[in-house]
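K.L.:
Structure: upload_27.txt, compact mmCIF, C-alpha atoms.
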# COMPACT_ATOMS: atom_id res chain seq x y z
CA MET A 9 0.00 0.00 0.00
CA PRO A 10 1.58 3.31 -1.01
CA LEU A 11 1.90 5.95 1.67
CA ASN A 12 -1.24 8.07 1.58
CA TYR A 13 -0.16 11.64 2.32
CA SER A 14 -3.74 12.89 2.55
CA SER A 15 -4.31 10.56 5.50
CA LEU A 16 -1.19 11.85 7.25
CA PHE A 17 -2.06 15.47 6.52
CA LEU A 18 -5.69 15.15 7.57
CA GLY A 19 -4.68 13.11 10.62
CA LEU A 20 -2.25 15.84 11.65
CA ILE A 21 -4.92 18.53 11.31
CA LEU A 22 -7.54 16.49 13.19
CA ALA A 23 -5.06 15.60 15.93
CA LEU A 24 -4.10 19.25 16.34
CA LEU A 25 -7.76 20.30 16.53
CA TYR A 26 -8.49 17.47 18.98
CA VAL A 27 -5.61 18.53 21.26
CA GLU A 28 -6.77 22.16 21.15
CA LEU A 29 -10.39 21.27 21.90
CA THR A 30 -9.87 18.59 24.57
CA GLY A 31 -6.36 19.09 25.91
CA LEU A 32 -5.74 15.37 25.36
CA SER A 33 -3.09 13.96 23.06
CA PRO A 34 -4.08 11.13 20.72
CA GLY A 35 -0.69 9.47 21.05
CA GLY A 36 1.20 12.28 19.34
CA LEU A 37 0.26 14.50 16.43
CA ILE A 38 1.34 12.14 13.64
CA VAL A 39 0.33 8.82 15.19
CA PRO A 40 -3.43 8.97 14.36
CA GLY A 41 -2.68 9.60 10.69
CA TYR A 42 -0.44 6.54 10.55
CA PHE A 43 -2.99 4.43 12.42
CA ALA A 44 -5.69 5.62 10.00
CA LEU A 45 -3.56 4.38 7.10
CA TYR A 46 -3.60 0.88 8.55
CA LEU A 47 -7.01 0.58 10.23
CA ASP A 48 -7.99 -1.85 7.50
CA GLN A 49 -5.03 -4.02 8.65
CA PRO A 50 -5.87 -4.68 12.32
CA TYR A 51 -2.86 -6.92 12.92
CA ARG A 52 -0.51 -4.04 12.13
CA VAL A 53 -2.37 -1.82 14.58
CA LEU A 54 -2.23 -4.59 17.19
CA ALA A 55 1.50 -5.16 16.65
CA THR A 56 2.19 -1.44 17.00
CA LEU A 57 0.18 -1.24 20.21
CA LEU A 58 1.99 -4.30 21.62
CA VAL A 59 5.40 -2.82 20.85
CA ALA A 60 4.34 0.53 22.36
CA PHE A 61 3.32 -1.24 25.58
CA MET A 62 6.61 -3.18 25.56
CA VAL A 63 8.46 0.16 25.30
CA LEU A 64 6.38 1.51 28.18
CA GLY A 65 7.20 -1.55 30.31
CA LEU A 66 10.88 -1.26 29.45
CA TYR A 67 10.81 2.42 30.42
CA TRP A 68 9.19 1.61 33.77
CA LEU A 69 11.87 -1.01 34.41
CA VAL A 70 14.82 1.17 33.39
CA SER A 71 13.49 4.24 35.23
CA ARG A 72 13.77 2.32 38.52
CA TYR A 73 17.55 2.38 38.15
CA PHE A 74 18.24 5.49 36.07
CA LEU A 75 16.90 9.03 36.03
CA ILE A 76 15.15 9.36 32.70
CA PHE A 77 12.98 12.42 32.20
CA GLY A 78 12.32 15.19 29.69
CA ARG A 79 14.20 14.83 26.43
CA ARG A 80 16.05 11.76 27.64
CA ARG A 81 12.74 10.01 28.31
CA PHE A 82 11.42 10.96 24.89
CA VAL A 83 14.58 9.89 23.06
CA PHE A 84 14.75 6.67 25.08
CA MET A 85 11.20 5.78 24.13
CA VAL A 86 11.59 6.60 20.44
CA LEU A 87 14.86 4.64 20.22
CA ALA A 88 13.46 1.73 22.22
CA GLY A 89 10.39 1.71 19.97
CA ALA A 90 12.54 1.61 16.85
CA ILE A 91 14.78 -1.13 18.26
CA LEU A 92 11.90 -3.26 19.58
CA GLY A 93 10.03 -2.75 16.30
CA GLN A 94 13.07 -4.00 14.39
CA ILE A 95 13.50 -6.98 16.74
CA TRP A 96 9.79 -7.71 16.26
CA ALA A 97 10.29 -7.72 12.48
CA TRP A 98 13.28 -10.09 12.77
CA LEU A 99 11.52 -12.52 15.13
CA LEU A 100 8.17 -12.56 13.36
CA PRO A 101 9.12 -15.01 10.58
CA THR A 102 10.44 -17.46 13.19
CA LEU A 103 7.26 -17.26 15.29
CA PHE A 104 4.79 -17.85 12.47
CA SER A 105 5.20 -20.05 9.41
CA GLU A 106 3.07 -17.73 7.33
CA PRO A 107 3.12 -13.91 7.51
CA ILE A 108 -0.12 -12.67 9.06
CA GLY A 109 0.49 -8.94 8.87
CA LEU A 110 1.78 -8.50 12.42
CA ARG A 111 4.23 -5.81 11.35
CA VAL A 112 4.80 -2.63 13.32
CA ILE A 113 3.71 0.69 11.78
CA GLY A 114 6.80 2.81 11.16
CA TRP A 115 9.97 3.29 13.16
CA VAL A 116 8.96 6.11 15.47
CA VAL A 117 5.23 5.48 15.92
CA PRO A 118 5.55 2.94 18.79
CA GLY A 119 7.94 5.21 20.69
CA LEU A 120 5.79 8.31 20.21
CA LEU A 121 2.75 6.39 21.35
CA ALA A 122 4.57 4.96 24.38
CA SER A 123 5.77 8.43 25.33
CA ASN A 124 2.20 9.71 25.31
CA LEU A 125 0.92 6.65 27.16
CA GLU A 126 3.42 7.39 29.93
CA ARG A 127 2.85 11.15 30.05
CA GLN A 128 -0.92 10.97 29.90
CA LYS A 129 -3.18 8.27 31.33
CA ILE A 130 -3.34 5.13 29.19
CA THR A 131 -7.13 5.16 28.84
CA TYR A 132 -7.23 8.83 27.76
CA THR A 133 -4.48 8.29 25.21
CA LEU A 134 -5.99 5.14 23.70
CA ALA A 135 -9.50 6.62 23.60
CA SER A 136 -8.18 9.77 21.93
CA LEU A 137 -6.13 7.73 19.46
CA ILE A 138 -9.17 5.66 18.51
CA ILE A 139 -11.39 8.71 18.05
CA VAL A 140 -8.95 10.69 15.89
CA SER A 141 -7.75 7.67 13.88
CA VAL A 142 -11.29 6.52 13.05
CA MET A 143 -12.34 10.07 12.14
CA THR A 144 -9.30 10.38 9.87
CA PHE A 145 -9.90 6.96 8.31
CA PHE A 146 -13.51 7.75 7.41
CA LEU A 147 -12.87 11.33 6.29
CA VAL A 148 -10.10 10.20 3.93
CA ARG A 149 -12.46 7.59 2.45
CA LEU A 150 -15.28 10.09 2.23
CA LEU A 151 -13.17 12.78 0.54
CA GLY A 152 -11.50 10.66 -1.96
What does the file become when written as structure tokens?

P.N.:
Amino acid sequence: MPLNYSSLFLGLILALLYVELTGLSPGGLIVPGYFALYLDQPYRVLATLLVAFMVLGLYWLVSRYFLIFGRRRFVFMVLAGAILGQIWAWLLPTLFSEPIGLRVIGWVVPGLLASNLERQKITYTLASLIIVSVMTFFLVRLLG
């Protein structure tokens, strides 16, 4: 599937409006647009959520022993998301004999999502992500 820039652009605009209206972040400004691109591939969405929660768990573990906050926290989560996403891609063919679409969306999306899950409550972040991603998905289909 080619990258649909209208989905990313519309997702960015809707996420920005959502943040301004509610004060809640839908997992980062670019994350809903990427999720909207792959809502018709639920295994990719699931894999990305799983990796984001693995990053969050890793952060909670590492933060017990090291002071990680601010930019360091953000960079740690983005790098950990990229690394865990790559490890996920390497291990996937050994776990399943047939590819089932359990690939992670992008390199930075799991880390951005994990960062927002940590900064904001998990339920608020996931609910906001679902709302903005679904709105983006349907508006892109409706407009073109």

K.L.:
Rounded to one decimal, what separation in Å do you get between atom CA of A:Gly119 and atom CA of A:Tyr42?

P.N.:
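Answer for the atom CA of A:Gly119 to atom CA of A:Tyr42 separation: 13.2 Å.
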
K.L.:
Could you tell me how far atom CA of A:Ala55 lies from atom CA of A:Ile139, in Å and to one decimal?

P.N.:
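Computed distance, atom CA of A:Ala55 to atom CA of A:Ile139, equals 19.0 Å.
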
K.L.:
For each of A:Val117, A:Leu24, A:Val142, A:Ala135, take the minimum atom-to-atom distance to A:Asp48, counting only C-alpha atoms, then give the residue where this is smallest.

P.N.:
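Comparing A:Val117, A:Leu24, A:Val142, A:Ala135 against A:Asp48, the winner is A:Val142.
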
K.L.:
Find the residue from A:Ala23, A:Leu121, A:Leu137, A:Ala97 that sits nearest to A:Leu64; use all atoms listed in the file when measuring.

P.N.:
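Ranked by minimum distance to A:Leu64, first place goes to A:Leu121.
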
K.L.:
Just the residues within 12 Å of A:Leu87, please, counting only C-alpha atoms, with nothing from its chain fewer than 5 positions along; format it as a list in words.

P.N.:
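Counting only C-alpha atoms, the residues come to Ala60, Val63, Leu66, Tyr67, Arg79, Arg80, Arg81, Phe82, Leu92, Gly93, Gln94, Trp115, Val116, Val117, Pro118, Gly119, Leu120, Ala122 and Ser123 of chain A.
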
K.L.:
Could you state the separation of atom CA of A:Ser136 and atom CA of A:Leu47 in Å, given to one decimal place?

P.N.:
14.9 Å

K.L.:
Any idea what's packed within 8 Å of A:Phe145, counting all atoms listed in the file, ignoring anything in its chain fewer than 6 positions away? Could you give it as a PyMOL selection string?

P.N.:
chain A and resi 15+44-45+47

K.L.:
With distances taken over all atoms listed in the file, which residue among A:Trp96, A:Phe77, A:Phe17, A:Trp68 lies nearest A:Pro40?

P.N.:
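Among the listed residues, A:Phe17 lies closest to A:Pro40.
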
K.L.:
May I ask which of the residues A:Leu69, A:Ser14, A:Leu54, A:Tyr132 is the closest one to A:Leu150, counting all atoms listed in the file?

P.N.:
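Using all atoms listed in the file, A:Leu150 sits closest to A:Ser14.
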
K.L.:
Kindly indicate which residue among A:Leu99, A:Leu16, A:Thr133, A:Ala90 lies nearest to A:Tyr46, using only C-alpha atoms for the distances.

P.N.:
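Among the listed residues, A:Leu16 lies closest to A:Tyr46.
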
K.L.:
Skip stretch 108-114 of chain A itself and residues of its chain fewer than 4 positions away, then list as a list in words all residues within 6 Å of it, counting all atoms listed in the file.

P.N.:
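Residues near the query, excluding close chain neighbours: Tyr51, Arg52, Ala55 and Thr56 of chain A.
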
K.L.:
Could you check which of A:Leu134, A:Val53, A:Ala88, A:Ser141 is closest to A:Val70, using all atoms listed in the file?

P.N.:
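Comparing A:Leu134, A:Val53, A:Ala88, A:Ser141 against A:Val70, the winner is A:Ala88.
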
K.L.:
Can you tell me, as JSON, the centre and edge lengths (Å, one decimal) of the axis-aligned box enclosing all of stretch 37-42 of chain A's listed atoms after padding each side by 4 Å?

P.N.:
{"center_x": -1.0, "center_y": 10.5, "center_z": 13.5, "size_x": 12.8, "size_y": 16.0, "size_z": 13.9}

K.L.:
Taking the structure I provided as the source, export stretch 51-68 of chain A with N, CA and C atoms, as a compact mmCIF listing (two decimals), in the first residue's frame.

P.N.:
# COMPACT_ATOMS: atom_id res chain seq x y z
N TYR A 51 -4.03 -6.30 12.31
CA TYR A 51 -2.86 -6.92 12.92
C TYR A 51 -1.69 -5.95 13.02
N ARG A 52 -1.57 -5.05 12.06
CA ARG A 52 -0.51 -4.04 12.13
C ARG A 52 -0.77 -3.08 13.29
N VAL A 53 -2.01 -2.70 13.46
CA VAL A 53 -2.37 -1.82 14.58
C VAL A 53 -2.08 -2.53 15.89
N LEU A 54 -2.48 -3.80 15.99
CA LEU A 54 -2.23 -4.59 17.19
C LEU A 54 -0.74 -4.72 17.48
N ALA A 55 0.05 -5.02 16.46
CA ALA A 55 1.50 -5.16 16.65
C ALA A 55 2.11 -3.85 17.13
N THR A 56 1.66 -2.75 16.59
CA THR A 56 2.19 -1.44 17.00
C THR A 56 1.82 -1.14 18.44
N LEU A 57 0.59 -1.44 18.82
CA LEU A 57 0.18 -1.24 20.21
C LEU A 57 0.98 -2.13 21.17
N LEU A 58 1.20 -3.38 20.78
CA LEU A 58 1.99 -4.30 21.62
C LEU A 58 3.41 -3.79 21.81
N VAL A 59 4.03 -3.33 20.74
CA VAL A 59 5.40 -2.82 20.85
C VAL A 59 5.41 -1.55 21.69
N ALA A 60 4.41 -0.68 21.54
CA ALA A 60 4.34 0.53 22.36
C ALA A 60 4.23 0.18 23.84
N PHE A 61 3.43 -0.82 24.18
CA PHE A 61 3.32 -1.24 25.58
C PHE A 61 4.60 -1.92 26.07
N MET A 62 5.31 -2.61 25.18
CA MET A 62 6.61 -3.18 25.56
C MET A 62 7.60 -2.06 25.86
N VAL A 63 7.59 -1.00 25.06
CA VAL A 63 8.46 0.16 25.30
C VAL A 63 8.11 0.79 26.64
N LEU A 64 6.82 0.94 26.91
CA LEU A 64 6.38 1.51 28.18
C LEU A 64 6.86 0.66 29.36
N GLY A 65 6.72 -0.66 29.25
CA GLY A 65 7.20 -1.55 30.31
C GLY A 65 8.71 -1.46 30.49
N LEU A 66 9.43 -1.40 29.39
CA LEU A 66 10.88 -1.26 29.45
C LEU A 66 11.27 0.05 30.12
N TYR A 67 10.55 1.12 29.78
CA TYR A 67 10.81 2.42 30.42
C TYR A 67 10.58 2.34 31.93
N TRP A 68 9.47 1.73 32.34
CA TRP A 68 9.19 1.61 33.77
C TRP A 68 10.28 0.82 34.48
